[in-house]
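Visitor: Here you go, this is structure_17.pdb (PDB, C-alpha atoms and all ligand atoms).
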```
ATOM      1  CA  MET E 867      10.853  23.093   0.405
ATOM      2  CA  LEU E 868      10.864  19.944  -1.736
ATOM      3  CA  MET E 869      13.745  17.522  -1.411
ATOM      4  CA  ASP E 870      16.501  18.231  -3.917
ATOM      5  CA  THR E 871      17.153  15.736  -6.694
ATOM      6  CA  ILE E 872      20.592  14.576  -5.600
ATOM      7  CA  GLU E 873      19.588  14.163  -1.969
ATOM      8  CA  ARG E 874      16.593  12.138  -3.093
ATOM      9  CA  GLU E 875      18.682   9.993  -5.439
ATOM     10  CA  ILE E 876      21.097   9.044  -2.623
ATOM     11  CA  LEU E 877      18.221   8.353  -0.253
ATOM     12  CA  SER E 878      16.469   6.245  -2.856
ATOM     13  CA  ASN E 879      19.594   4.136  -3.410
ATOM     14  CA  HIS E 880      19.751   3.477   0.325
ATOM     15  CA  LEU E 881      16.086   2.544   0.465
ATOM     16  CA  LYS E 882      16.478   0.234  -2.451
ATOM     17  CA  SER E 883      19.504  -1.616  -1.135
ATOM     18  CA  TRP E 884      17.995  -1.929   2.355
ATOM     19  CA  ILE E 885      14.637  -3.177   1.148
ATOM     20  CA  LEU E 886      16.329  -5.807  -1.029
ATOM     21  CA  GLN E 887      18.470  -6.893   1.930
ATOM     22  CA  ALA E 888      15.437  -7.071   4.211
ATOM     23  CA  GLY E 889      13.665  -9.191   1.612
ATOM     24  CA  LYS E 890      16.606 -11.576   1.496
ATOM     25  CA  LEU E 891      16.522 -11.826   5.286
ATOM     26  CA  ILE E 892      12.872 -12.891   5.071
ATOM     27  CA  ARG E 893      13.473 -15.363   2.227
ATOM     28  CA  ASP E 894      16.388 -16.969   4.080
ATOM     29  CA  LYS E 895      14.115 -17.630   7.066
ATOM     30  CA  ILE E 896      10.886 -18.365   5.236
ATOM     31  CA  ASN E 897      10.752 -21.999   6.383
ATOM     32  CA  ASP E 898      11.802 -21.363   9.981
ATOM     33  CA  PRO E 899       9.193 -22.167  12.637
ATOM     34  CA  ARG E 900       7.050 -19.065  13.245
ATOM     35  CA  ILE E 901       6.114 -17.446  16.517
ATOM     36  CA  ILE E 902       2.702 -15.961  15.816
ATOM     37  CA  SER E 903       0.885 -13.486  18.027
ATOM     38  CA  PHE E 904      -2.495 -11.837  17.624
ATOM     39  CA  LYS E 905      -3.119  -8.127  17.638
ATOM     40  CA  SER E 906      -6.660  -6.688  17.589
ATOM     41  CA  ASN E 907      -8.345 -10.072  16.904
ATOM     42  CA  PRO E 908      -7.448 -13.730  16.160
ATOM     43  CA  ASN E 909      -7.188 -12.956  12.423
ATOM     44  CA  ASP E 910      -4.870  -9.982  12.933
ATOM     45  CA  LEU E 911      -1.506 -11.718  12.971
ATOM     46  CA  VAL E 912       1.993 -10.560  13.735
ATOM     47  CA  THR E 913       5.197 -12.595  13.764
ATOM     48  CA  GLU E 914       8.707 -12.107  15.067
ATOM     49  CA  MET E 915       9.696 -11.463  11.437
ATOM     50  CA  ASP E 916       7.426  -8.382  11.140
ATOM     51  CA  LYS E 917       9.214  -6.973  14.168
ATOM     52  CA  GLU E 918      12.691  -7.972  13.049
ATOM     53  CA  VAL E 919      12.264  -6.283   9.662
ATOM     54  CA  GLU E 920      10.966  -3.068  11.184
ATOM     55  CA  ARG E 921      13.826  -3.044  13.707
ATOM     56  CA  TYR E 922      16.254  -3.497  10.817
ATOM     57  CA  PHE E 923      14.959  -0.310   9.157
ATOM     58  CA  ALA E 924      14.789   1.604  12.446
ATOM     59  CA  LYS E 925      18.470   0.844  13.009
ATOM     60  CA  LYS E 926      19.474   1.914   9.483
ATOM     61  CA  ILE E 927      17.518   5.171   9.715
ATOM     62  CA  ASN E 928      18.968   5.917  13.101
ATOM     63  CA  GLU E 929      22.480   5.299  11.829
ATOM     64  CA  PHE E 930      22.303   7.076   8.460
ATOM     65  CA  TYR E 931      19.491   9.628   8.876
ATOM     66  CA  PRO E 932      19.241  10.426  12.591
ATOM     67  CA  ASP E 933      17.125  13.530  11.950
ATOM     68  CA  HIS E 934      14.481  11.577   9.982
ATOM     69  CA  LEU E 935      11.442  10.131  11.726
ATOM     70  CA  LEU E 936       9.926   6.682  11.388
ATOM     71  CA  LEU E 937       6.284   5.672  11.423
ATOM     72  CA  GLY E 938       6.173   1.882  11.478
ATOM     73  CA  GLU E 939       3.340  -0.545  12.031
ATOM     74  CA  GLU E 940       5.146  -2.474  14.752
ATOM     75  CA  GLY E 941       5.913   0.584  16.859
ATOM     76  CA  TYR E 942       9.716   0.840  16.631
ATOM     77  CA  GLY E 943       9.450   4.369  15.310
ATOM     78  CA  HIS E 944       8.400   7.720  16.672
ATOM     79  CA  GLU E 945       5.042   8.744  18.039
ATOM     80  CA  GLU E 946       4.805  12.402  17.191
ATOM     81  CA  PHE E 947       5.246  13.974  13.832
ATOM     82  CA  ASN E 948       5.409  17.478  12.508
ATOM     83  CA  LYS E 949       4.434  18.413   8.966
ATOM     84  CA  LYS E 950       7.957  19.700   8.375
ATOM     85  CA  ASP E 951       9.623  16.390   9.189
ATOM     86  CA  THR E 952      11.093  13.860   6.818
ATOM     87  CA  ILE E 953       9.128  10.724   7.682
ATOM     88  CA  TRP E 954       9.775   7.136   6.701
ATOM     89  CA  ILE E 955       6.558   5.144   6.670
ATOM     90  CA  ILE E 956       7.038   1.400   6.864
ATOM     91  CA  ASP E 957       4.946  -1.705   6.798
ATOM     92  CA  PRO E 958       7.598  -4.396   7.354
ATOM     93  CA  ILE E 959       5.325  -7.192   6.123
ATOM     94  CA  ASP E 960       2.095  -6.233   4.413
ATOM     95  CA  GLY E 961       0.020  -9.365   4.078
ATOM     96  CA  THR E 962       1.114 -11.132   7.259
ATOM     97  CA  MET E 963      -1.698 -13.669   6.898
ATOM     98  CA  ASN E 964      -0.295 -14.606   3.475
ATOM     99  CA  PHE E 965       3.208 -14.705   4.945
ATOM    100  CA  VAL E 966       2.080 -17.147   7.633
ATOM    101  CA  HIS E 967      -0.317 -19.304   5.602
ATOM    102  CA  GLN E 968       1.091 -19.143   2.081
ATOM    103  CA  LYS E 969       4.723 -18.123   2.504
ATOM    104  CA  GLN E 970       4.212 -15.794  -0.450
ATOM    105  CA  ASN E 971       2.084 -12.868  -1.646
ATOM    106  CA  PHE E 972       3.327 -10.391   0.951
ATOM    107  CA  ALA E 973       5.379  -7.239   0.551
ATOM    108  CA  ILE E 974       7.568  -4.744   2.329
ATOM    109  CA  SER E 975       6.126  -1.268   1.885
ATOM    110  CA  LEU E 976       8.445   1.667   2.407
ATOM    111  CA  ALA E 977       7.977   5.360   1.663
ATOM    112  CA  VAL E 978       9.654   8.654   2.467
ATOM    113  CA  TYR E 979       7.592  11.820   2.779
ATOM    114  CA  HIS E 980       9.281  15.182   3.136
ATOM    115  CA  GLN E 981       7.184  18.039   4.487
ATOM    116  CA  GLY E 982       4.039  16.114   3.636
ATOM    117  CA  VAL E 983       5.042  15.362   0.038
ATOM    118  CA  GLY E 984       5.657  11.789  -1.115
ATOM    119  CA  GLU E 985       9.231  11.660  -2.424
ATOM    120  CA  ILE E 986      10.048   7.944  -2.716
ATOM    121  CA  GLY E 987       7.915   4.826  -2.544
ATOM    122  CA  TYR E 988       8.960   1.177  -2.754
ATOM    123  CA  ILE E 989       6.884  -1.994  -2.605
ATOM    124  CA  TYR E 990       8.849  -5.225  -2.598
ATOM    125  CA  ASP E 991       6.970  -8.432  -3.393
ATOM    126  CA  VAL E 992       9.520 -10.501  -1.527
ATOM    127  CA  MET E 993       9.023 -14.067  -2.751
ATOM    128  CA  ASN E 994       8.620 -12.996  -6.376
ATOM    129  CA  ASN E 995      11.660 -10.758  -5.992
ATOM    130  CA  THR E 996       9.702  -7.968  -7.687
ATOM    131  CA  LEU E 997      10.420  -4.395  -6.710
ATOM    132  CA  TYR E 998       7.990  -1.618  -7.562
ATOM    133  CA  GLY E 999       9.098   1.938  -6.955
ATOM    134  CA  ALA E1000       8.650   5.590  -7.753
ATOM    135  CA  LEU E1001      10.448   8.867  -7.234
ATOM    136  CA  ARG E1002       8.279  11.960  -7.306
ATOM    137  CA  GLY E1003       8.144  13.364 -10.819
ATOM    138  CA  ASN E1004      10.307  10.594 -12.298
ATOM    139  CA  GLY E1005       7.657   7.972 -13.025
ATOM    140  CA  ALA E1006       7.344   4.501 -11.567
ATOM    141  CA  PHE E1007       9.105   1.259 -12.342
ATOM    142  CA  LYS E1008       8.932  -2.465 -11.809
ATOM    143  CA  ASN E1009      12.359  -4.088 -11.481
ATOM    144  CA  ASP E1010      13.996  -1.145 -13.270
ATOM    145  CA  VAL E1011      11.558  -1.251 -16.170
ATOM    146  CA  LYS E1012       9.544   1.946 -16.400
ATOM    147  CA  LEU E1013       5.791   1.505 -15.951
ATOM    148  CA  LEU E1014       3.626   3.006 -18.682
ATOM    149  CA  PRO E1015       1.255   5.848 -17.855
ATOM    150  CA  LEU E1016      -2.217   4.416 -17.219
ATOM    151  CA  THR E1017      -3.646   7.081 -19.522
ATOM    152  CA  ASN E1018      -2.036   5.298 -22.504
ATOM    153  CA  GLU E1019      -5.042   3.006 -22.611
ATOM    154  CA  SER E1020      -8.659   3.777 -21.880
ATOM    155  CA  ILE E1021     -10.899   1.382 -19.998
ATOM    156  CA  THR E1022     -14.602   0.939 -19.390
ATOM    157  CA  LEU E1023     -16.169  -0.563 -16.308
ATOM    158  CA  ASN E1024     -17.431  -3.678 -18.069
ATOM    159  CA  GLN E1025     -13.885  -4.494 -19.260
ATOM    160  CA  SER E1026     -12.278  -3.907 -15.893
ATOM    161  CA  VAL E1027     -10.759  -6.229 -13.314
ATOM    162  CA  ILE E1028     -10.946  -4.832  -9.812
ATOM    163  CA  ALA E1029      -9.927  -5.977  -6.345
ATOM    164  CA  PHE E1030     -11.773  -5.862  -3.064
ATOM    165  CA  SER E1031     -12.421  -8.202  -0.191
ATOM    166  CA  HIS E1032     -15.244 -10.740  -0.437
ATOM    167  CA  ARG E1033     -16.336  -9.449   2.975
ATOM    168  CA  LEU E1034     -17.797  -6.391   1.287
ATOM    169  CA  LEU E1035     -20.206  -8.696  -0.539
ATOM    170  CA  MET E1036     -21.669  -9.796   2.783
ATOM    171  CA  LYS E1037     -23.359  -7.710   5.422
ATOM    172  CA  ASN E1038     -20.610  -5.500   6.836
ATOM    173  CA  ARG E1039     -20.252  -2.301   8.835
ATOM    174  CA  PHE E1040     -18.790  -0.177   6.050
ATOM    175  CA  ILE E1041     -20.934  -0.355   2.953
ATOM    176  CA  ASN E1042     -24.295  -1.662   1.864
ATOM    177  CA  GLU E1043     -23.333  -4.992   0.301
ATOM    178  CA  LYS E1044     -25.941  -4.588  -2.480
ATOM    179  CA  TYR E1045     -23.786  -1.936  -4.152
ATOM    180  CA  MET E1046     -20.735  -4.186  -4.113
ATOM    181  CA  GLN E1047     -22.808  -7.093  -5.443
ATOM    182  CA  GLN E1048     -24.019  -4.874  -8.285
ATOM    183  CA  LEU E1049     -20.442  -3.777  -8.961
ATOM    184  CA  THR E1050     -19.406  -7.426  -9.134
ATOM    185  CA  GLU E1051     -21.985  -7.952 -11.855
ATOM    186  CA  ASP E1052     -20.923  -4.853 -13.752
ATOM    187  CA  VAL E1053     -17.190  -5.610 -14.074
ATOM    188  CA  ARG E1054     -15.286  -8.340 -15.899
ATOM    189  CA  GLY E1055     -13.619  -9.824 -12.825
ATOM    190  CA  ILE E1056     -12.921  -9.483  -9.113
ATOM    191  CA  ARG E1057      -9.645 -10.357  -7.386
ATOM    192  CA  SER E1058      -8.466 -10.261  -3.785
ATOM    193  CA  TYR E1059      -4.760 -10.408  -2.896
ATOM    194  CA  GLY E1060      -4.629 -10.042   0.889
ATOM    195  CA  SER E1061      -1.955  -7.361   0.721
ATOM    196  CA  ALA E1062      -2.919  -3.733   0.268
ATOM    197  CA  ALA E1063       0.557  -2.852  -0.999
ATOM    198  CA  ILE E1064       0.434  -5.561  -3.663
ATOM    199  CA  GLY E1065      -3.082  -4.420  -4.618
ATOM    200  CA  LEU E1066      -1.827  -0.857  -5.125
ATOM    201  CA  ALA E1067       1.223  -2.029  -7.078
ATOM    202  CA  ARG E1068      -1.061  -4.073  -9.355
ATOM    203  CA  VAL E1069      -3.136  -0.972 -10.069
ATOM    204  CA  ALA E1070       0.028   0.968 -10.930
ATOM    205  CA  GLU E1071       1.175  -1.664 -13.399
ATOM    206  CA  GLY E1072      -2.276  -1.919 -14.989
ATOM    207  CA  ALA E1073      -2.859  -5.523 -13.909
ATOM    208  CA  LEU E1074      -5.816  -4.296 -11.874
ATOM    209  CA  ASP E1075      -8.016  -1.402 -12.916
ATOM    210  CA  ALA E1076      -9.058  -0.556  -9.367
ATOM    211  CA  TYR E1077      -8.474  -1.571  -5.761
ATOM    212  CA  ILE E1078     -11.068  -0.748  -3.117
ATOM    213  CA  THR E1079     -10.772  -1.252   0.615
ATOM    214  CA  MET E1080     -12.603   0.142   3.595
ATOM    215  CA  ARG E1081      -9.964   0.549   6.257
ATOM    216  CA  LEU E1082      -6.239   0.964   5.861
ATOM    217  CA  GLU E1083      -3.529   2.432   8.028
ATOM    218  CA  PRO E1084      -0.994   5.035   6.829
ATOM    219  CA  TRP E1085       1.736   2.394   6.376
ATOM    220  CA  ASP E1086      -0.516   0.325   4.078
ATOM    221  CA  ILE E1087      -1.045   3.290   1.766
ATOM    222  CA  ALA E1088       2.085   5.473   1.876
ATOM    223  CA  ALA E1089       4.298   3.825  -0.760
ATOM    224  CA  GLY E1090       1.457   2.663  -3.015
ATOM    225  CA  ARG E1091       0.023   6.142  -3.197
ATOM    226  CA  ILE E1092       3.263   7.573  -4.633
ATOM    227  CA  ILE E1093       3.614   4.745  -7.156
ATOM    228  CA  VAL E1094      -0.030   4.897  -8.299
ATOM    229  CA  GLU E1095       0.053   8.683  -8.693
ATOM    230  CA  GLU E1096       3.304   8.582 -10.670
ATOM    231  CA  VAL E1097       1.603   6.554 -13.424
ATOM    232  CA  GLY E1098      -1.451   8.828 -13.458
ATOM    233  CA  GLY E1099      -3.714   6.693 -11.280
ATOM    234  CA  ILE E1100      -6.128   8.278  -8.818
ATOM    235  CA  ILE E1101      -6.142   7.437  -5.134
ATOM    236  CA  THR E1102      -8.640   8.884  -2.641
ATOM    237  CA  ASN E1103     -10.848   7.687   0.157
ATOM    238  CA  ALA E1104     -14.094   5.911  -0.755
ATOM    239  CA  SER E1105     -15.996   9.213  -0.792
ATOM    240  CA  GLY E1106     -13.559  10.615  -3.347
ATOM    241  CA  LYS E1107     -11.717  12.878  -0.896
ATOM    242  CA  GLU E1108      -7.998  13.232  -0.355
ATOM    243  CA  ILE E1109      -6.439  10.950   2.269
ATOM    244  CA  GLY E1110      -4.353  12.614   4.991
ATOM    245  CA  LEU E1111      -0.824  11.272   5.313
ATOM    246  CA  LEU E1112      -1.194   9.986   8.851
ATOM    247  CA  GLU E1113      -4.839   8.980   8.870
ATOM    248  CA  ARG E1114      -6.628   5.651   8.855
ATOM    249  CA  SER E1115      -8.889   5.644   5.821
ATOM    250  CA  SER E1116     -10.866   3.799   3.220
ATOM    251  CA  VAL E1117      -9.034   3.731  -0.110
ATOM    252  CA  ILE E1118      -9.931   3.566  -3.758
ATOM    253  CA  ALA E1119      -7.032   3.490  -6.229
ATOM    254  CA  THR E1120      -7.991   3.387  -9.875
ATOM    255  CA  HIS E1121      -7.222   3.872 -13.504
ATOM    256  CA  PRO E1122      -8.255   7.509 -14.124
ATOM    257  CA  ASP E1123     -11.206   6.463 -16.328
ATOM    258  CA  LEU E1124     -12.880   4.565 -13.498
ATOM    259  CA  HIS E1125     -12.533   6.714 -10.407
ATOM    260  CA  SER E1126     -15.568   8.887 -10.893
ATOM    261  CA  ILE E1127     -17.995   6.111 -11.817
ATOM    262  CA  LEU E1128     -16.845   3.857  -8.982
ATOM    263  CA  VAL E1129     -17.099   6.603  -6.387
ATOM    264  CA  LYS E1130     -20.377   8.098  -7.568
ATOM    265  CA  LYS E1131     -22.341   5.068  -8.703
ATOM    266  CA  TYR E1132     -21.334   2.572  -6.023
ATOM    267  CA  LEU E1133     -19.264   3.826  -3.097
ATOM    268  CA  GLN E1134     -20.866   7.150  -2.195
ATOM    269  CA  LYS E1135     -24.312   5.590  -2.491
ATOM    270  CA  GLY E1136     -23.439   2.479  -0.550
ATOM    271  CA  LEU E1137     -21.278   3.865   2.262
ATOM    272  CA  LYS E1138     -22.965   3.620   5.609
ATOM    273  CA  ARG E1139     -23.527   6.759   7.654
ATOM    274  CA  ASN E1140     -20.472   7.799   9.696
ATOM    275  CA  ARG E1141     -18.308   5.688   7.360
ATOM    276  CA  ARG E1142     -17.727   8.457   4.878
ATOM    277  CA  LYS E1143     -13.942   8.496   5.361
TER     278      LYS E1143
HETATM  279  C1  LIG S1201      -3.247  -5.990   5.977
HETATM  280  C2  LIG S1201      -3.260  -6.299   4.499
HETATM  281  C3  LIG S1201      -4.672  -6.622   4.042
HETATM  282  C4  LIG S1201      -5.620  -5.502   4.353
HETATM  283  C5  LIG S1201      -5.595  -5.207   5.849
HETATM  284  C6  LIG S1201      -4.176  -4.873   6.284
HETATM  285  P1  LIG S1201      -1.017  -6.499   7.410
HETATM  286  O1  LIG S1201      -1.947  -5.612   6.400
HETATM  287  O2  LIG S1201      -2.793  -5.214   3.739
HETATM  288  O3  LIG S1201      -4.696  -6.821   2.646
HETATM  289  O4  LIG S1201      -6.912  -5.872   3.966
HETATM  290  O5  LIG S1201      -6.444  -4.131   6.128
HETATM  291  O6  LIG S1201      -4.163  -4.631   7.671
HETATM  292  O7  LIG S1201      -1.727  -6.538   8.721
HETATM  293  O8  LIG S1201      -0.838  -7.827   6.799
HETATM  294  O9  LIG S1201       0.210  -5.646   7.461
HETATM  295 CA    CA S1202      -0.407  -3.736   6.268
HETATM  296 CA    CA S1203       2.135  -5.395   8.465
END
```
Kindly return the structure encoded in the file as structure tokens.

Guide:
Amino acid sequence: MLMDTIEREILSNHLKSWILQAGKLIRDKINDPRIISFKSNPNDLVTEMDKEVERYFAKKINEFYPDHLLLGEEGYGHEEFNKKDTIWIIDPIDGTMNFVHQKQNFAISLAVYHQGVGEIGYIYDVMNNTLYGALRGNGAFKNDVKLLPLTNESITLNQSVIAFSHRLLMKNRFINEKYMQQLTEDVRGIRSYGSAAIGLARVAEGALDAYITMRLEPWDIAAGRIIVEEVGGIITNASGKEIGLLERSSVIATHPDLHSILVKKYLQKGLKRNRRK
């Protein structure tokens, strides 16, 4: 059963006030000395702030919604999930490298899925104090201003601005770089933000026409997916298939006019064997 409207409204108000508070916590400490650790490699950073923010949400959920589950990047949540559960999916700081090096261009990404359906998604660009959000079926907004449906304007590939990492233009294990080089020639511009959540929010607001990436975790995608879909954007894996809620996946999020051409002409052809997810 889908979540009822009033229940979702109350939940959304909680999410919103907590995410704004967590953002303030980060801003207040932005110039404090950082303790940085490395995760899978020396470029995969985590700080005490990532952990503190996730703990903050874990505590709130535990206090107000003890029967809800949490999937969080830093591991303060649960480990097993059932399709019937109400699951909060949190990336406490998406764009930790930006957080550490730039002190900006990072976001808190927070979503609630109920029985596998995305109900509420929020992406908070903390230093710009910009909150993107969506409630299923109610459209998406940016700081309380409703975002326009992407279908209001049509777009062609040669007029488009798209985002992906420069690494895909070099030899890499995911995709034949020639296809990404050709794509670079075929579009108007390429951008790279260093935060998946911000990339997805930019697609939803029409500032980017597509965002492509080869490997994201569920917490990178969960909120952005709801927001992008609420404005009529398309989000799938790089082969054009649906992304499972709890799976690691490649992602392409686009204006609806561009999904098919990007998947068929570049991604499907370029993807390396056994990288079709
Ligand atoms: C990372 C950012 C980055 C993306 C990486 C993510 P993190 O998240 O979203 O843009 O390319 O794949 O892991 O580690 O800063 O939360
Ligand atoms: Ca992330
Ligand atoms: Ca993170």

Visitor: Quote the spacing between atom CA of Ser903 of chain E and atom CA of Met1036 of chain E in Å to one decimal place.

Guide: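 That distance, rounded to one decimal, is 27.5 Å.
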
Visitor: Residues up to 6 Å from ligand CA 1203 (chain S), counting only C-alpha atoms and all ligand atoms: could you list those as a PDB file with C-alpha atoms, keeping the file's coordinate frame?

Guide:
```pdb
ATOM      1  CA  ASP E 957       4.946  -1.705   6.798  1.00  0.00           C
ATOM      2  CA  PRO E 958       7.598  -4.396   7.354  1.00  0.00           C
ATOM      3  CA  ILE E 959       5.325  -7.192   6.123  1.00  0.00           C
ATOM      4  CA  ASP E 960       2.095  -6.233   4.413  1.00  0.00           C
ATOM      5  CA  THR E 962       1.114 -11.132   7.259  1.00  0.00           C
TER       6      THR E 962
END
```

Visitor: Using all atoms listed in the file, what table do you get, as JSON lines, when you list each residue of chain E with an atom no more than 8 Å from ligand LIG 1201 (chain S), its nearest pair of atoms, and their distance in Å rounded to one decimal, rows by chain then rising number?

Guide:
```
{"residue": "E:Asp910", "atom": "CA", "partner": "S:LIG1201", "partner_atom": "O7", "distance": 6.3}
{"residue": "E:Leu911", "atom": "CA", "partner": "S:LIG1201", "partner_atom": "O7", "distance": 6.7}
{"residue": "E:Val912", "atom": "CA", "partner": "S:LIG1201", "partner_atom": "O7", "distance": 7.4}
{"residue": "E:Glu939", "atom": "CA", "partner": "S:LIG1201", "partner_atom": "O9", "distance": 7.5}
{"residue": "E:Asp957", "atom": "CA", "partner": "S:LIG1201", "partner_atom": "O9", "distance": 6.2}
{"residue": "E:Pro958", "atom": "CA", "partner": "S:LIG1201", "partner_atom": "O9", "distance": 7.5}
{"residue": "E:Ile959", "atom": "CA", "partner": "S:LIG1201", "partner_atom": "O9", "distance": 5.5}
{"residue": "E:Asp960", "atom": "CA", "partner": "S:LIG1201", "partner_atom": "O9", "distance": 3.6}
{"residue": "E:Gly961", "atom": "CA", "partner": "S:LIG1201", "partner_atom": "O8", "distance": 3.2}
{"residue": "E:Thr962", "atom": "CA", "partner": "S:LIG1201", "partner_atom": "O8", "distance": 3.9}
{"residue": "E:Met963", "atom": "CA", "partner": "S:LIG1201", "partner_atom": "O8", "distance": 5.9}
{"residue": "E:Asn964", "atom": "CA", "partner": "S:LIG1201", "partner_atom": "O8", "distance": 7.6}
{"residue": "E:Phe972", "atom": "CA", "partner": "S:LIG1201", "partner_atom": "O8", "distance": 7.6}
{"residue": "E:Ser1031", "atom": "CA", "partner": "S:LIG1201", "partner_atom": "O4", "distance": 7.3}
{"residue": "E:Tyr1059", "atom": "CA", "partner": "S:LIG1201", "partner_atom": "O3", "distance": 6.6}
{"residue": "E:Gly1060", "atom": "CA", "partner": "S:LIG1201", "partner_atom": "O3", "distance": 3.7}
{"residue": "E:Ser1061", "atom": "CA", "partner": "S:LIG1201", "partner_atom": "O3", "distance": 3.4}
{"residue": "E:Ala1062", "atom": "CA", "partner": "S:LIG1201", "partner_atom": "O2", "distance": 3.8}
{"residue": "E:Ala1063", "atom": "CA", "partner": "S:LIG1201", "partner_atom": "O2", "distance": 6.3}
{"residue": "E:Gly1065", "atom": "CA", "partner": "S:LIG1201", "partner_atom": "O3", "distance": 7.8}
{"residue": "E:Thr1079", "atom": "CA", "partner": "S:LIG1201", "partner_atom": "O4", "distance": 6.9}
{"residue": "E:Met1080", "atom": "CA", "partner": "S:LIG1201", "partner_atom": "O5", "distance": 7.9}
{"residue": "E:Arg1081", "atom": "CA", "partner": "S:LIG1201", "partner_atom": "O5", "distance": 5.9}
{"residue": "E:Leu1082", "atom": "CA", "partner": "S:LIG1201", "partner_atom": "O5", "distance": 5.1}
{"residue": "E:Glu1083", "atom": "CA", "partner": "S:LIG1201", "partner_atom": "O6", "distance": 7.1}
{"residue": "E:Asp1086", "atom": "CA", "partner": "S:LIG1201", "partner_atom": "O2", "distance": 6.0}
```

Visitor: To test the calculation: enclose all listed atoms of segment 1073-1091 of chain E in a box whose edges run along x, y and z, add 6 Å on each side, then state centre and edge lengths in Å to one decimal, as lines of an AutoDock Vina configuration file.

Guide:
```
center_x = -4.2
center_y = 0.3
center_z = -2.9
size_x = 28.9
size_y = 23.7
size_z = 33.9
```

Visitor: On this file, the PyMOL selection byres (((chain E and resi 979-985) around 12) and not hetatm) gives some set of residues; write that set as a count of residues only.

Guide: 56

Visitor: To one decimal place, how far is atom CA of Phe1007 of chain E from atom CA of Tyr1077 of chain E in Å?

Guide: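 Computed distance, atom CA of Phe1007 of chain E to atom CA of Tyr1077 of chain E, equals 19.0 Å.
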
Visitor: Of the candidates E:Arg1139, E:His944, E:His1121, E:Lys1107, which shows the shortest atom-to-atom distance to Glu1019 of chain E, using all atoms listed in the file?

Guide: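 Of E:Arg1139, E:His944, E:His1121, E:Lys1107, the one nearest Glu1019 of chain E, counting all atoms listed in the file, is E:His1121.
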
Visitor: Ranking E:Tyr1132, E:Thr1022, E:Gln970, E:Lys1012 by minimum distance to Gln1047 of chain E and counting all atoms listed in the file, which one comes first?

Guide: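 That would be E:Tyr1132, the residue with the smallest distance to Gln1047 of chain E.
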
Visitor: Which residues, protein or nucleic acid, reach to within 12 Å of (-15.7, 7.4, -12.5) in the file's coordinates when using only C-alpha atoms, and can you give that as a CSV table (one decimal) with C-alpha atoms, in the frame of the given file?

Guide:
```
chain,number,residue,atom,x,y,z
E,1021,ILE,CA,-10.9,1.4,-20.0
E,1022,THR,CA,-14.6,0.9,-19.4
E,1023,LEU,CA,-16.2,-0.6,-16.3
E,1075,ASP,CA,-8.0,-1.4,-12.9
E,1076,ALA,CA,-9.1,-0.6,-9.4
E,1100,ILE,CA,-6.1,8.3,-8.8
E,1104,ALA,CA,-14.1,5.9,-0.8
E,1105,SER,CA,-16.0,9.2,-0.8
E,1106,GLY,CA,-13.6,10.6,-3.3
E,1118,ILE,CA,-9.9,3.6,-3.8
E,1119,ALA,CA,-7.0,3.5,-6.2
E,1120,THR,CA,-8.0,3.4,-9.9
E,1121,HIS,CA,-7.2,3.9,-13.5
E,1122,PRO,CA,-8.3,7.5,-14.1
E,1123,ASP,CA,-11.2,6.5,-16.3
E,1124,LEU,CA,-12.9,4.6,-13.5
E,1125,HIS,CA,-12.5,6.7,-10.4
E,1126,SER,CA,-15.6,8.9,-10.9
E,1127,ILE,CA,-18.0,6.1,-11.8
E,1128,LEU,CA,-16.8,3.9,-9.0
E,1129,VAL,CA,-17.1,6.6,-6.4
E,1130,LYS,CA,-20.4,8.1,-7.6
E,1131,LYS,CA,-22.3,5.1,-8.7
E,1132,TYR,CA,-21.3,2.6,-6.0
E,1133,LEU,CA,-19.3,3.8,-3.1
E,1134,GLN,CA,-20.9,7.2,-2.2
```

Visitor: Nearest to Met993 of chain E among E:Gln1025, E:Gln968, E:Asn879, E:Pro1015, with distances taken over only C-alpha atoms: which residue is it?

Guide: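 For Met993 of chain E, the nearest of the given residues is E:Gln968.
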
Visitor: Which one is closest to ligand CA 1202 (chain S): E:Ile902, E:Val919, E:Ile974, E:Ile896? Count all atoms listed in the file.

Guide: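 Looking only at the distances to ligand CA 1202 (chain S), the closest residue turns out to be E:Ile974.
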
Visitor: Would you compute the distance between atom CA of Gly889 of chain E and atom CA of Ile876 of chain E? Give it in Å to one decimal.

Guide: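 We find that atom CA of Gly889 of chain E and atom CA of Ile876 of chain E lie 20.1 Å from each other.
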
Visitor: Measuring atom to atom with only C-alpha atoms, identify which of E:Asp1010, E:Tyr998, E:Gly1136, E:Phe923 is nearest to Leu1035 of chain E.

Guide: E:Gly1136

Visitor: Compare E:Tyr942, E:Asp991, E:Val1069, E:His967 by their minimum atom-to-atom distance to Lys890 of chain E, counting all atoms listed in the file, and give me the closest one.

Guide: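 Smallest separation from Lys890 of chain E among the options: E:Asp991.
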
Visitor: Using all atoms listed in the file, can you list as a ChimeraX atom specification the residues within 10 Å of (8.1, -10.4, -7.2)?

Guide: /E:970-973,989-998,1008-1009,1064

Visitor: Neighbours of Val1053 of chain E within 10 Å (all atoms listed in the file; same-chain residues fewer than 3 positions away dropped), as a tab-separated table (two decimals) with C-alpha atoms, in the frame of the given file?

Guide:
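result.tsv, freshly written:
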```tsv
chain	number	residue	atom	x	y	z
E	1022	THR	CA	-14.60	0.94	-19.39
E	1023	LEU	CA	-16.17	-0.56	-16.31
E	1024	ASN	CA	-17.43	-3.68	-18.07
E	1025	GLN	CA	-13.88	-4.49	-19.26
E	1026	SER	CA	-12.28	-3.91	-15.89
E	1027	VAL	CA	-10.76	-6.23	-13.31
E	1028	ILE	CA	-10.95	-4.83	-9.81
E	1048	GLN	CA	-24.02	-4.87	-8.28
E	1049	LEU	CA	-20.44	-3.78	-8.96
E	1050	THR	CA	-19.41	-7.43	-9.13
E	1056	ILE	CA	-12.92	-9.48	-9.11
```
